[in-house]
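Visitor: For reference, the file work35.cif (mmCIF, C-alpha atoms and all ligand atoms) is included below:
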```
data_final
loop_
_atom_site.group_PDB
_atom_site.id
_atom_site.type_symbol
_atom_site.label_atom_id
_atom_site.label_comp_id
_atom_site.auth_asym_id
_atom_site.auth_seq_id
_atom_site.Cartn_x
_atom_site.Cartn_y
_atom_site.Cartn_z
ATOM 1 C CA MET G 11 27.374 65.932 58.932
ATOM 2 C CA ALA G 12 24.985 65.362 61.800
ATOM 3 C CA GLN G 13 26.433 64.067 65.020
ATOM 4 C CA GLY G 14 26.249 60.322 65.412
ATOM 5 C CA THR G 15 25.833 59.589 61.734
ATOM 6 C CA TYR G 16 28.497 57.943 59.641
ATOM 7 C CA ILE G 17 26.825 58.262 56.288
ATOM 8 C CA THR G 18 28.903 59.035 53.243
ATOM 9 C CA ASN G 19 27.230 60.234 50.079
ATOM 10 C CA PRO G 20 29.699 59.297 47.321
ATOM 11 C CA THR G 21 27.902 61.366 44.692
ATOM 12 C CA HIS G 22 29.508 64.423 46.294
ATOM 13 C CA PHE G 23 32.747 63.225 44.722
ATOM 14 C CA PHE G 24 31.379 62.497 41.267
ATOM 15 C CA ASN G 25 31.210 64.921 38.363
ATOM 16 C CA SER G 26 28.215 65.392 36.051
ATOM 17 C CA ASP G 27 29.231 62.300 34.060
ATOM 18 C CA GLY G 28 29.171 60.229 37.227
ATOM 19 C CA ASP G 29 32.941 59.813 37.186
ATOM 20 C CA ILE G 30 35.494 60.528 39.848
ATOM 21 C CA PRO G 31 37.177 63.695 38.544
ATOM 22 C CA LYS G 32 40.894 63.328 37.779
ATOM 23 C CA ASP G 33 41.573 66.733 39.310
ATOM 24 C CA LEU G 34 40.161 65.882 42.745
ATOM 25 C CA PRO G 35 42.780 66.151 45.461
ATOM 26 C CA ARG G 36 44.539 62.788 45.835
ATOM 27 C CA GLU G 37 43.088 62.075 49.266
ATOM 28 C CA ALA G 38 39.527 62.710 48.123
ATOM 29 C CA ARG G 39 40.050 60.753 44.918
ATOM 30 C CA GLU G 40 41.385 57.741 46.813
ATOM 31 C CA PHE G 41 38.493 57.900 49.229
ATOM 32 C CA ALA G 42 35.970 58.149 46.380
ATOM 33 C CA ASN G 43 37.630 55.150 44.681
ATOM 34 C CA PHE G 44 37.532 53.224 47.928
ATOM 35 C CA LEU G 45 33.800 53.871 48.355
ATOM 36 C CA ALA G 46 33.039 53.088 44.720
ATOM 37 C CA LEU G 47 34.954 49.793 44.949
ATOM 38 C CA ILE G 48 33.028 48.784 48.048
ATOM 39 C CA PHE G 49 29.598 49.231 46.536
ATOM 40 C CA ASP G 50 30.809 47.851 43.222
ATOM 41 C CA LYS G 51 31.656 44.593 45.058
ATOM 42 C CA VAL G 52 28.627 44.562 47.292
ATOM 43 C CA THR G 53 26.105 45.323 44.553
ATOM 44 C CA SER G 54 27.612 42.752 42.165
ATOM 45 C CA SER G 55 26.788 39.966 44.624
ATOM 46 C CA PHE G 56 23.344 41.307 45.408
ATOM 47 C CA PRO G 57 20.790 39.777 45.885
ATOM 48 C CA GLN G 58 22.364 36.297 45.725
ATOM 49 C CA THR G 59 24.504 37.224 48.687
ATOM 50 C CA ASN G 60 22.583 39.583 50.863
ATOM 51 C CA ARG G 61 24.781 38.753 53.821
ATOM 52 C CA GLU G 62 28.156 40.167 54.654
ATOM 53 C CA ILE G 63 30.565 40.166 51.761
ATOM 54 C CA ASP G 64 34.338 40.101 51.841
ATOM 55 C CA THR G 65 35.147 42.921 49.442
ATOM 56 C CA GLY G 66 38.855 42.112 49.257
ATOM 57 C CA ILE G 67 39.499 45.805 49.811
ATOM 58 C CA ARG G 68 41.963 46.907 52.470
ATOM 59 C CA CYS G 69 41.155 49.309 55.266
ATOM 60 C CA ARG G 70 42.302 52.902 54.780
ATOM 61 C CA LYS G 71 43.137 53.511 58.429
ATOM 62 C CA LYS G 72 46.787 54.205 59.056
ATOM 63 C CA GLY G 73 48.587 51.060 60.158
ATOM 64 C CA CYS G 74 45.572 48.836 59.500
ATOM 65 C CA GLN G 75 45.640 46.160 56.812
ATOM 66 C CA GLY G 76 42.230 44.762 57.692
ATOM 67 C CA LEU G 77 39.779 43.548 55.100
ATOM 68 C CA ILE G 78 36.616 45.509 54.468
ATOM 69 C CA ILE G 79 33.358 43.632 54.840
ATOM 70 C CA GLY G 80 30.320 45.055 53.083
ATOM 71 C CA ALA G 81 26.620 44.373 53.344
ATOM 72 C CA LEU G 82 23.493 45.374 51.504
ATOM 73 C CA GLU G 83 20.248 44.177 53.021
ATOM 74 C CA ALA G 84 17.797 45.582 50.523
ATOM 75 C CA ILE G 85 17.878 47.445 47.250
ATOM 76 C CA ASP G 86 16.701 50.692 48.821
ATOM 77 C CA GLU G 87 19.058 50.472 51.786
ATOM 78 C CA PRO G 88 22.444 52.094 52.151
ATOM 79 C CA VAL G 89 25.559 49.928 51.860
ATOM 80 C CA HIS G 90 27.173 49.173 55.211
ATOM 81 C CA TRP G 91 30.841 48.380 55.555
ATOM 82 C CA TYR G 92 33.300 47.751 58.325
ATOM 83 C CA CYS G 93 36.889 46.713 58.836
ATOM 84 C CA LEU G 94 37.434 43.224 60.222
ATOM 85 C CA ASP G 95 40.522 44.329 62.132
ATOM 86 C CA CYS G 96 39.929 47.804 63.533
ATOM 87 C CA GLY G 97 36.145 47.925 63.403
ATOM 88 C CA HIS G 98 36.126 51.189 61.469
ATOM 89 C CA HIS G 99 32.687 51.420 59.895
ATOM 90 C CA ARG G 100 30.593 53.655 57.708
ATOM 91 C CA VAL G 101 27.399 53.688 55.682
ATOM 92 C CA ILE G 102 27.258 54.646 52.005
ATOM 93 C CA SER G 103 24.099 56.342 50.793
ATOM 94 C CA ASN G 104 23.113 57.356 47.248
ATOM 95 C CA TRP G 105 24.995 54.504 45.586
ATOM 96 C CA ARG G 106 22.143 53.574 43.260
ATOM 97 C CA ARG G 107 22.375 54.257 39.552
ATOM 98 C CA SER G 108 25.980 55.285 39.808
ATOM 99 C CA LYS G 109 28.529 53.631 37.520
ATOM 100 C CA TRP G 110 29.414 51.195 40.267
ATOM 101 C CA ASP G 111 25.856 50.059 40.907
ATOM 102 C CA ASN G 112 25.667 46.484 39.592
ATOM 103 C CA THR G 113 22.172 45.691 40.779
HETATM 104 ZN ZN ZN G 201 40.902 48.742 59.755
#
```
As structure tokens, how would this structure be written, given the file I've shared?
Guide:
Amino acid sequence: MAQGTYITNPTHFFNSDGDIPKDLPREAREFANFLALIFDKVTSSFPQTNREIDTGIRCRKKGCQGLIIGALEAIDEPVHWYCLDCGHHRVISNWRRSKWDNT
């Protein structure tokens, strides 16, 4: 990953059926689920709510119980998310046409 970028491509975790493989290591599987849930939530409120969306998902950082806020500004943009409490943030690319794309 290039320095200074915080882009996650979730398709790296998916198998050829577009699923999260059951045999992925637990950590990777949980992370893939976490990402999928975020863009599932964000894309299901798009474009009615193209502002920040409370995903109801909890932060994965150790000791943090913060809520994850997601945003999608345009259909061809990546999904942005951040934690309300610790400020942890990332960008999700390549979310379109996956099983969790509700647009
Ligand atoms: Zn957090």
Visitor: Which residues are near ligand ZN 201 (chain G) - at most 10 Å, using only C-alpha atoms and all ligand atoms? Format: as a compact mmCIF listing (two decimals) with C-alpha atoms, in the frame of the given file.
Guide:
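Below is the file that was written, out-v9.txt:
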```
# COMPACT_ATOMS: atom_id res chain seq x y z
CA ARG G 68 41.96 46.91 52.47
CA CYS G 69 41.16 49.31 55.27
CA ARG G 70 42.30 52.90 54.78
CA LYS G 71 43.14 53.51 58.43
CA LYS G 72 46.79 54.20 59.06
CA GLY G 73 48.59 51.06 60.16
CA CYS G 74 45.57 48.84 59.50
CA GLN G 75 45.64 46.16 56.81
CA GLY G 76 42.23 44.76 57.69
CA LEU G 77 39.78 43.55 55.10
CA ILE G 78 36.62 45.51 54.47
CA TYR G 92 33.30 47.75 58.32
CA CYS G 93 36.89 46.71 58.84
CA LEU G 94 37.43 43.22 60.22
CA ASP G 95 40.52 44.33 62.13
CA CYS G 96 39.93 47.80 63.53
CA GLY G 97 36.15 47.92 63.40
CA HIS G 98 36.13 51.19 61.47
CA HIS G 99 32.69 51.42 59.90
```
Visitor: Output the residue selection produced by the PyMOL selection byres (((chain G and resi 24-40) around 12) and not hetatm) on the file above, formatted as a list in words.
Guide: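 This file, filtered by the PyMOL selection byres (((chain G and resi 24-40) around 12) and not hetatm), leaves Asn19, Pro20, Thr21, His22, Phe23, Phe41, Ala42, Asn43, Phe44, Leu45, Ala46, Leu47, Cys69, Arg70, Asn104, Trp105, Arg106, Arg107, Ser108, Lys109, Trp110 and Asp111 of chain G.
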Visitor: Applying the PyMOL selection byres (((chain G and resi 79) around 9) and not hetatm) to the file I just gave you, which residues come out? Please list them as a PyMOL selection string.
Guide: chain G and resi 48+52+62-67+77-78+80-81+90-94
Visitor: Separation of atom CA of G:Glu83 and atom CA of G:Pro57, in Å?
Guide: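 So the answer is 8.4 Å.
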Visitor: Using all atoms listed in the file, which of the listed residues (G:Ala84, G:Phe56, G:Arg100, G:Phe49) sits closest to G:Thr113?
Guide: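 Between G:Ala84, G:Phe56, G:Arg100, G:Phe49, the residue approaching G:Thr113 most closely is G:Phe56.
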Visitor: Step by step, gather every atom of stretch 71-89 of chain G that the file lists, find the box along x, y and z that holds them, add 4 Å on each side, and finally give centre and edge lengths in Å to one decimal, as JSON.
Guide:
```
{"center_x": 32.6, "center_y": 48.9, "center_z": 53.7, "size_x": 39.9, "size_y": 18.7, "size_z": 20.9}
```
